Amino acid sequence: DKVRRSLEARLRELDRPLVVFVDDIDRLEPDQIRMLLRQVKANANLPNIVFVLLFQPSIIERALDPVADDDGRAFLEKIVQASFDLPAVPASFVHRMFEEELSKIAGPYAIEENGFSQRRWGNACIGCIQPLLRNMRDARRLISSIAVHMPLHVVGNVFEVNIVDFLLLETLRVFEPDLHDALVRERGLVLQEGRLSRDSRRKIDQAAAKELLEIVSEDRRDIVCDALKNLFPPLEWAYGGTNYADGFHRQWLTEKRVCTSRYFPRYFELQTTVGEMSERRFVDFLDATATEDELSAAIAAVEADGLLNSLVARLDESVDRLPSENAAVLLPGMFGLAEKFAGTNRGTFDSSYVAAWRATSWYLKRIPEDVRGGLALEALRKTEALSVASLLIHLNDPADRNEGEAGAFDPELDLNTVTAMKAEWLRLIRDRAADGIALIAGPDLISQLYRWKGYTDSMDEPREWMMKAIQTDQGFATMVTRLMSRGMSHTYGDRVSTPHNSFNKETIEDFIGIDVAKARCDAINPAQFPEHEEALRTLLRYLEKWL
């Protein structure tokens, strides 16, 4: 009592009241709320002291019900002398504040190169983000999350992912974390990986897609459904939307979308997948196409880091980004890159070799017609890339069109260029043939021999070269190894594949002759040529079967 009287005397001497603000009371546990209000009530009658309590009344009233005969409101009225109801902040103000803050941190990256479009952003913001921002706290939480995670996707001045996808996924991370986690687990579903094989399980996929929505509360399912359709177009059909054709995949890759297997890990793992080239490095590669020295150094560095496969895939996916003004430098570089993969994985549609020559072919279309032919011919002279050149010749040679073949013939190269490239190709292969070892060691030997035959309309030159190359037993053994096809076989029920080597009867017959090959095999002891023994024994088995 003595202390209290002293305190009262001192408080009365104040020129103005002491105001004590107590915020976030409604975030306490019920027993903590009751204890706090008891303390306030005990001290509220001191002079010149005012307590300002900030809370949601309904929550406080429920916490007081157990000590107020289920009438917490009446109990509260005895403590609170004056109430001030703060109006809810208008949704329009919350949204405007969010957009202003977002512009400060994300505005510099809202460009077309980062996948930004005003139409798509407008649809995502109004349809999927704004409905989840109910108050200032929601807006602040989302802005804070974006501010923390955005720098993890920035390298220099390059944004590694699609900015609209990033903002949508951050919204799901903040407001629907369980769904965000489920997207990683359901990668195969949301990306529709192995799409052809999934056709038989469309009902299963559709049910699984609906289960994703059941993770969120019912009042938010329509909003989240729109977000998933926006983020993952391949899955849109499962929600009654569009069934996109495979042709859209290239566009999604160009836009760095989360719905592609290349970029999906980047959003969730916050790093470029091992073996993949980052967006920053690809931009640097495009800048290096200005001069031959820079481009050569860039390709050498990419190869040293084991990223050549990723590079040719990026070139194939991003042909529209390749600078046509640098064609005199870039086109020979692309010839050389494609030639590095010649003869490897030829049977796989999405192999690196296919990606490399396809990118080269499409890039040709972007080069002005008046210089296109000359640059293509010069690229062949510089690189001596026989394999990729023969493919480009084939694609642009009207003589190689099958009668009645569907589709309009729209070659990138005119007939004069095709003829000139054939002549240059023959000059180069004859030079290699004269060297002896150069042609044998080169890639794609069988294909080149048949091209040689086709461009001369005769088997004479390639067969004459072959006869010289196999004059010695060593030469024959080496050639057999080069003509053997290597692959893998898999029998139903096996858990692993086994190596499978084979020979093409027509190839042996055309360039060596079945009887000649059999006589040479019989005259050779395979054990004397350890590195070619397997090929020699395999050929002998095939020859005996054919004969």
# chains A, B, ... in the order shown; residues from 1 in each chain; ligands from 1
>>> residues_around(residues="region 455-468 of chain A", least_positions_apart="3", cutoff="9 Å", atoms="only C-alpha atoms", output="PDB file with C-alpha atoms, in the first residue's frame")
ATOM      1  CA  LYS A 422      27.507 -31.246-102.657  1.00  0.00           C
ATOM      2  CA  ALA A 423      30.582 -30.334-104.692  1.00  0.00           C
ATOM      3  CA  TRP A 425      31.320 -32.114 -99.636  1.00  0.00           C
ATOM      4  CA  LEU A 426      32.804 -34.401-102.306  1.00  0.00           C
ATOM      5  CA  ARG A 430      38.033 -37.223-101.259  1.00  0.00           C
ATOM      6  CA  ALA A 433      39.902 -40.646 -98.318  1.00  0.00           C
ATOM      7  CA  ALA A 434      43.361 -39.830 -99.697  1.00  0.00           C
ATOM      8  CA  GLY A 436      43.437 -43.047 -95.392  1.00  0.00           C
ATOM      9  CA  LEU A 449      29.869 -43.762 -97.573  1.00  0.00           C
ATOM     10  CA  TYR A 450      26.280 -43.872 -98.789  1.00  0.00           C
ATOM     11  CA  ARG A 451      26.218 -40.082 -99.223  1.00  0.00           C
ATOM     12  CA  TRP A 452      29.401 -40.401-101.281  1.00  0.00           C
ATOM     13  CA  GLN A 471      44.071 -54.538 -97.964  1.00  0.00           C
ATOM     14  CA  THR A 472      45.866 -55.537 -94.760  1.00  0.00           C
ATOM     15  CA  GLY A 475      42.944 -52.533 -91.964  1.00  0.00           C
ATOM     16  CA  MET A 479      37.047 -51.482 -90.662  1.00  0.00           C
ATOM     17  CA  ASP A 510      27.635 -53.053-100.971  1.00  0.00           C
ATOM     18  CA  PHE A 511      31.115 -52.061 -99.817  1.00  0.00           C
ATOM     19  CA  ILE A 512      32.981 -55.345 -99.258  1.00  0.00           C
TER      20      ILE A 512
END
>>> residues_around(residues="region 92-105 of chain A", least_positions_apart="5", cutoff="10 Å", atoms="only C-alpha atoms", output="ChimeraX atom specification")
/A:110,125-126,129-131,133-140,142-144,146-147,150-151,167
>>> select_by_dssp(residues="region 186-237 of chain A", states="alpha helix (DSSP H)", output="PyMOL selection string")
chain A and resi 187-191+195-198+202-214+221-231
>>> select_by_dssp(residues="region 339-498 of chain A", states="strand (DSSP E)", output="list in words")
Ser485, Arg486, Gly487, Met488, Ser489 and Thr498 of chain A
>>> write_last_selection(atoms="N, CA, C and O atoms", output="PDB file, in the first residue's frame")
ATOM      1  N   SER A 485      27.388 -52.077 -85.563  1.00  0.00           N
ATOM      2  CA  SER A 485      26.439 -51.250 -84.813  1.00  0.00           C
ATOM      3  C   SER A 485      26.368 -51.770 -83.385  1.00  0.00           C
ATOM      4  O   SER A 485      26.237 -52.981 -83.164  1.00  0.00           O
ATOM      5  N   ARG A 486      26.442 -50.868 -82.436  1.00  0.00           N
ATOM      6  CA  ARG A 486      26.388 -51.249 -81.020  1.00  0.00           C
ATOM      7  C   ARG A 486      25.096 -50.720 -80.409  1.00  0.00           C
ATOM      8  O   ARG A 486      24.711 -49.578 -80.640  1.00  0.00           O
ATOM      9  N   GLY A 487      24.428 -51.571 -79.652  1.00  0.00           N
ATOM     10  CA  GLY A 487      23.186 -51.164 -79.002  1.00  0.00           C
ATOM     11  C   GLY A 487      22.953 -51.983 -77.759  1.00  0.00           C
ATOM     12  O   GLY A 487      23.841 -52.671 -77.259  1.00  0.00           O
ATOM     13  N   MET A 488      21.741 -51.869 -77.218  1.00  0.00           N
ATOM     14  CA  MET A 488      21.364 -52.600 -76.012  1.00  0.00           C
ATOM     15  C   MET A 488      20.068 -53.354 -76.289  1.00  0.00           C
ATOM     16  O   MET A 488      19.200 -52.868 -77.014  1.00  0.00           O
ATOM     17  N   SER A 489      19.957 -54.562 -75.744  1.00  0.00           N
ATOM     18  CA  SER A 489      18.722 -55.338 -75.887  1.00  0.00           C
ATOM     19  C   SER A 489      18.121 -55.569 -74.509  1.00  0.00           C
ATOM     20  O   SER A 489      18.822 -55.614 -73.498  1.00  0.00           O
ATOM     21  N   THR A 498      21.245 -55.625 -71.903  1.00  0.00           N
ATOM     22  CA  THR A 498      22.537 -56.238 -72.230  1.00  0.00           C
ATOM     23  C   THR A 498      23.031 -55.687 -73.565  1.00  0.00           C
ATOM     24  O   THR A 498      22.233 -55.346 -74.440  1.00  0.00           O
TER      25      THR A 498
END
>>> closest_atom_pairs(of="region 242-263 of chain A", to="region 272-290 of chain A", cutoff="12 Å", atoms="only C-alpha atoms", output="Markdown table")
| residue | atom | partner | partner_atom | distance |
| --- | --- | --- | --- | --- |
| A:Leu253 | CA | A:Glu279 | CA | 11.4 |
| A:Thr254 | CA | A:Glu279 | CA | 10.7 |
| A:Glu255 | CA | A:Glu279 | CA | 11.1 |
| A:Lys256 | CA | A:Glu279 | CA | 8.9 |
| A:Ser261 | CA | A:Thr273 | CA | 10.2 |
| A:Arg262 | CA | A:Glu276 | CA | 7.9 |
| A:Tyr263 | CA | A:Thr272 | CA | 8.1 |
>>> write_last_selection(atoms="N, CA, C and O atoms", output="PDB file, in the first residue's frame")
ATOM      1  N   LEU A 253       9.541 -23.814 -72.921  1.00  0.00           N
ATOM      2  CA  LEU A 253      10.977 -23.825 -72.639  1.00  0.00           C
ATOM      3  C   LEU A 253      11.578 -22.442 -72.845  1.00  0.00           C
ATOM      4  O   LEU A 253      12.377 -21.965 -72.042  1.00  0.00           O
ATOM      5  N   THR A 254      11.193 -21.795 -73.943  1.00  0.00           N
ATOM      6  CA  THR A 254      11.708 -20.456 -74.225  1.00  0.00           C
ATOM      7  C   THR A 254      11.340 -19.487 -73.112  1.00  0.00           C
ATOM      8  O   THR A 254      12.120 -18.604 -72.749  1.00  0.00           O
ATOM      9  N   GLU A 255      10.160 -19.681 -72.533  1.00  0.00           N
ATOM     10  CA  GLU A 255       9.681 -18.782 -71.475  1.00  0.00           C
ATOM     11  C   GLU A 255      10.149 -19.198 -70.081  1.00  0.00           C
ATOM     12  O   GLU A 255       9.758 -18.596 -69.089  1.00  0.00           O
ATOM     13  N   LYS A 256      10.954 -20.275 -69.990  1.00  0.00           N
ATOM     14  CA  LYS A 256      11.516 -20.749 -68.712  1.00  0.00           C
ATOM     15  C   LYS A 256      10.413 -21.127 -67.720  1.00  0.00           C
ATOM     16  O   LYS A 256      10.482 -20.838 -66.533  1.00  0.00           O
ATOM     17  N   SER A 261      10.365 -30.006 -67.717  1.00  0.00           N
ATOM     18  CA  SER A 261      11.273 -30.784 -66.866  1.00  0.00           C
ATOM     19  C   SER A 261      12.628 -30.101 -66.721  1.00  0.00           C
ATOM     20  O   SER A 261      13.329 -30.316 -65.727  1.00  0.00           O
ATOM     21  N   ARG A 262      13.010 -29.267 -67.679  1.00  0.00           N
ATOM     22  CA  ARG A 262      14.289 -28.555 -67.569  1.00  0.00           C
ATOM     23  C   ARG A 262      14.266 -27.545 -66.425  1.00  0.00           C
ATOM     24  O   ARG A 262      15.231 -27.398 -65.672  1.00  0.00           O
ATOM     25  N   TYR A 263      13.171 -26.802 -66.281  1.00  0.00           N
ATOM     26  CA  TYR A 263      13.142 -25.705 -65.316  1.00  0.00           C
ATOM     27  C   TYR A 263      12.443 -26.052 -64.001  1.00  0.00           C
ATOM     28  O   TYR A 263      12.619 -25.340 -63.014  1.00  0.00           O
TER      29      TYR A 263
END
>>> residues_around(residues="Glu534 (chain A)", least_positions_apart="3", cutoff="10 Å", atoms="only C-alpha atoms", output="PyMOL selection string")
chain A and resi 480-481+484+501+526-527+529-531+537-539
>>> atom_distance(atom1="CA of Gln118 (chain A)", atom2="CA of Phe166 (chain A)")
15.1 Å
>>> closest_residue(among="A:Leu295, A:Leu169, A:Ala519, A:Leu76", to="Cys259 (chain A)", atoms="only C-alpha atoms")
A:Leu169
>>> decode(residues="region 325-360 of chain A", atoms="N, CA, C and O atoms", output="tab-separated table (two decimals), in the first residue's frame")
chain	number	residue	atom	x	y	z
A	325	GLU	N	22.29	-11.50	-86.73
A	325	GLU	CA	23.34	-10.59	-87.18
A	325	GLU	C	24.73	-11.16	-86.96
A	325	GLU	O	25.71	-10.68	-87.55
A	326	ASN	N	24.84	-12.21	-86.13
A	326	ASN	CA	26.13	-12.86	-85.88
A	326	ASN	C	26.27	-14.16	-86.64
A	326	ASN	O	27.08	-15.03	-86.26
A	327	ALA	N	25.49	-14.34	-87.69
A	327	ALA	CA	25.44	-15.62	-88.41
A	327	ALA	C	26.80	-16.03	-88.96
A	327	ALA	O	27.14	-17.23	-88.98
A	328	ALA	N	27.62	-15.08	-89.40
A	328	ALA	CA	28.92	-15.43	-89.98
A	328	ALA	C	29.82	-16.12	-88.94
A	328	ALA	O	30.69	-16.92	-89.30
A	329	VAL	N	29.59	-15.83	-87.65
A	329	VAL	CA	30.35	-16.46	-86.57
A	329	VAL	C	29.61	-17.67	-86.01
A	329	VAL	O	30.18	-18.74	-85.80
A	330	LEU	N	28.32	-17.49	-85.75
A	330	LEU	CA	27.56	-18.53	-85.05
A	330	LEU	C	27.28	-19.75	-85.92
A	330	LEU	O	27.32	-20.89	-85.41
A	331	LEU	N	27.00	-19.56	-87.21
A	331	LEU	CA	26.64	-20.72	-88.04
A	331	LEU	C	27.78	-21.74	-88.11
A	331	LEU	O	27.53	-22.95	-87.91
A	332	PRO	N	29.03	-21.35	-88.37
A	332	PRO	CA	30.11	-22.34	-88.32
A	332	PRO	C	30.24	-22.99	-86.93
A	332	PRO	O	30.53	-24.19	-86.83
A	333	GLY	N	30.00	-22.21	-85.89
A	333	GLY	CA	30.05	-22.77	-84.54
A	333	GLY	C	29.01	-23.86	-84.36
A	333	GLY	O	29.27	-24.90	-83.74
A	334	MET	N	27.81	-23.65	-84.90
A	334	MET	CA	26.76	-24.64	-84.79
A	334	MET	C	27.05	-25.88	-85.66
A	334	MET	O	26.72	-27.00	-85.27
A	335	PHE	N	27.66	-25.67	-86.81
A	335	PHE	CA	28.11	-26.81	-87.63
A	335	PHE	C	29.08	-27.67	-86.80
A	335	PHE	O	28.96	-28.89	-86.76
A	336	GLY	N	30.05	-27.00	-86.18
A	336	GLY	CA	31.06	-27.73	-85.41
A	336	GLY	C	30.47	-28.45	-84.21
A	336	GLY	O	30.85	-29.58	-83.91
A	337	LEU	N	29.52	-27.79	-83.54
A	337	LEU	CA	28.87	-28.43	-82.39
A	337	LEU	C	28.11	-29.68	-82.82
A	337	LEU	O	28.21	-30.74	-82.18
A	338	ALA	N	27.35	-29.58	-83.89
A	338	ALA	CA	26.56	-30.73	-84.37
A	338	ALA	C	27.48	-31.88	-84.75
A	338	ALA	O	27.18	-33.05	-84.48
A	339	GLU	N	28.62	-31.56	-85.37
A	339	GLU	CA	29.53	-32.62	-85.81
A	339	GLU	C	30.13	-33.38	-84.62
A	339	GLU	O	30.46	-34.56	-84.74
A	340	LYS	N	30.25	-32.70	-83.47
A	340	LYS	CA	30.78	-33.37	-82.28
A	340	LYS	C	29.89	-34.53	-81.84
A	340	LYS	O	30.34	-35.48	-81.20
A	341	PHE	N	28.61	-34.45	-82.18
A	341	PHE	CA	27.66	-35.49	-81.75
A	341	PHE	C	27.31	-36.47	-82.86
A	341	PHE	O	26.51	-37.37	-82.65
A	342	ALA	N	27.88	-36.28	-84.04
A	342	ALA	CA	27.55	-37.17	-85.16
A	342	ALA	C	27.92	-38.61	-84.83
A	342	ALA	O	28.98	-38.89	-84.28
A	343	GLY	N	27.01	-39.53	-85.15
A	343	GLY	CA	27.28	-40.93	-84.91
A	343	GLY	C	26.95	-41.41	-83.52
A	343	GLY	O	27.17	-42.56	-83.18
A	344	THR	N	26.39	-40.52	-82.67
A	344	THR	CA	26.05	-40.93	-81.30
A	344	THR	C	24.55	-40.79	-81.10
A	344	THR	O	23.95	-39.80	-81.51
A	345	ASN	N	23.96	-41.79	-80.47
A	345	ASN	CA	22.53	-41.77	-80.12
A	345	ASN	C	21.63	-41.44	-81.31
A	345	ASN	O	20.64	-40.74	-81.18
A	346	ARG	N	22.00	-41.94	-82.48
A	346	ARG	CA	21.24	-41.58	-83.66
A	346	ARG	C	19.80	-42.10	-83.63
A	346	ARG	O	18.93	-41.56	-84.31
A	347	GLY	N	19.55	-43.13	-82.84
A	347	GLY	CA	18.22	-43.70	-82.85
A	347	GLY	C	17.24	-43.00	-81.92
A	347	GLY	O	16.06	-43.26	-81.96
A	348	THR	N	17.70	-42.09	-81.09
A	348	THR	CA	16.83	-41.43	-80.14
A	348	THR	C	16.35	-40.10	-80.71
A	348	THR	O	17.14	-39.27	-81.10
A	349	PHE	N	15.01	-39.91	-80.74
A	349	PHE	CA	14.47	-38.71	-81.36
A	349	PHE	C	15.00	-37.44	-80.71
A	349	PHE	O	15.28	-36.46	-81.37
A	350	ASP	N	15.13	-37.46	-79.40
A	350	ASP	CA	15.57	-36.27	-78.67
A	350	ASP	C	17.06	-36.29	-78.37
A	350	ASP	O	17.52	-35.71	-77.41
A	351	SER	N	17.84	-37.00	-79.16
A	351	SER	CA	19.27	-37.07	-78.91
A	351	SER	C	19.92	-35.71	-79.14
A	351	SER	O	19.38	-34.83	-79.80
A	352	SER	N	21.12	-35.56	-78.60
A	352	SER	CA	21.84	-34.30	-78.76
A	352	SER	C	22.17	-34.02	-80.22
A	352	SER	O	22.17	-32.87	-80.65
A	353	TYR	N	22.46	-35.08	-80.99
A	353	TYR	CA	22.78	-34.87	-82.40
A	353	TYR	C	21.57	-34.31	-83.15
A	353	TYR	O	21.69	-33.35	-83.93
A	354	VAL	N	20.40	-34.88	-82.90
A	354	VAL	CA	19.19	-34.37	-83.56
A	354	VAL	C	18.96	-32.92	-83.15
A	354	VAL	O	18.67	-32.07	-83.99
A	355	ALA	N	19.08	-32.63	-81.86
A	355	ALA	CA	18.88	-31.26	-81.39
A	355	ALA	C	19.86	-30.30	-82.06
A	355	ALA	O	19.50	-29.18	-82.44
A	356	ALA	N	21.10	-30.74	-82.25
A	356	ALA	CA	22.14	-29.87	-82.81
A	356	ALA	C	21.89	-29.56	-84.28
A	356	ALA	O	21.94	-28.39	-84.69
A	357	TRP	N	21.62	-30.60	-85.10
A	357	TRP	CA	21.42	-30.28	-86.52
A	357	TRP	C	20.07	-29.62	-86.77
A	357	TRP	O	19.90	-28.81	-87.68
A	358	ARG	N	19.07	-29.96	-85.92
A	358	ARG	CA	17.76	-29.31	-86.08
A	358	ARG	C	17.86	-27.82	-85.77
A	358	ARG	O	17.29	-26.98	-86.47
A	359	ALA	N	18.60	-27.48	-84.72
A	359	ALA	CA	18.79	-26.07	-84.38
A	359	ALA	C	19.51	-25.34	-85.50
A	359	ALA	O	19.18	-24.20	-85.84
A	360	THR	N	20.50	-26.01	-86.10
A	360	THR	CA	21.24	-25.41	-87.22
A	360	THR	C	20.31	-25.16	-88.40
A	360	THR	O	20.35	-24.09	-89.03
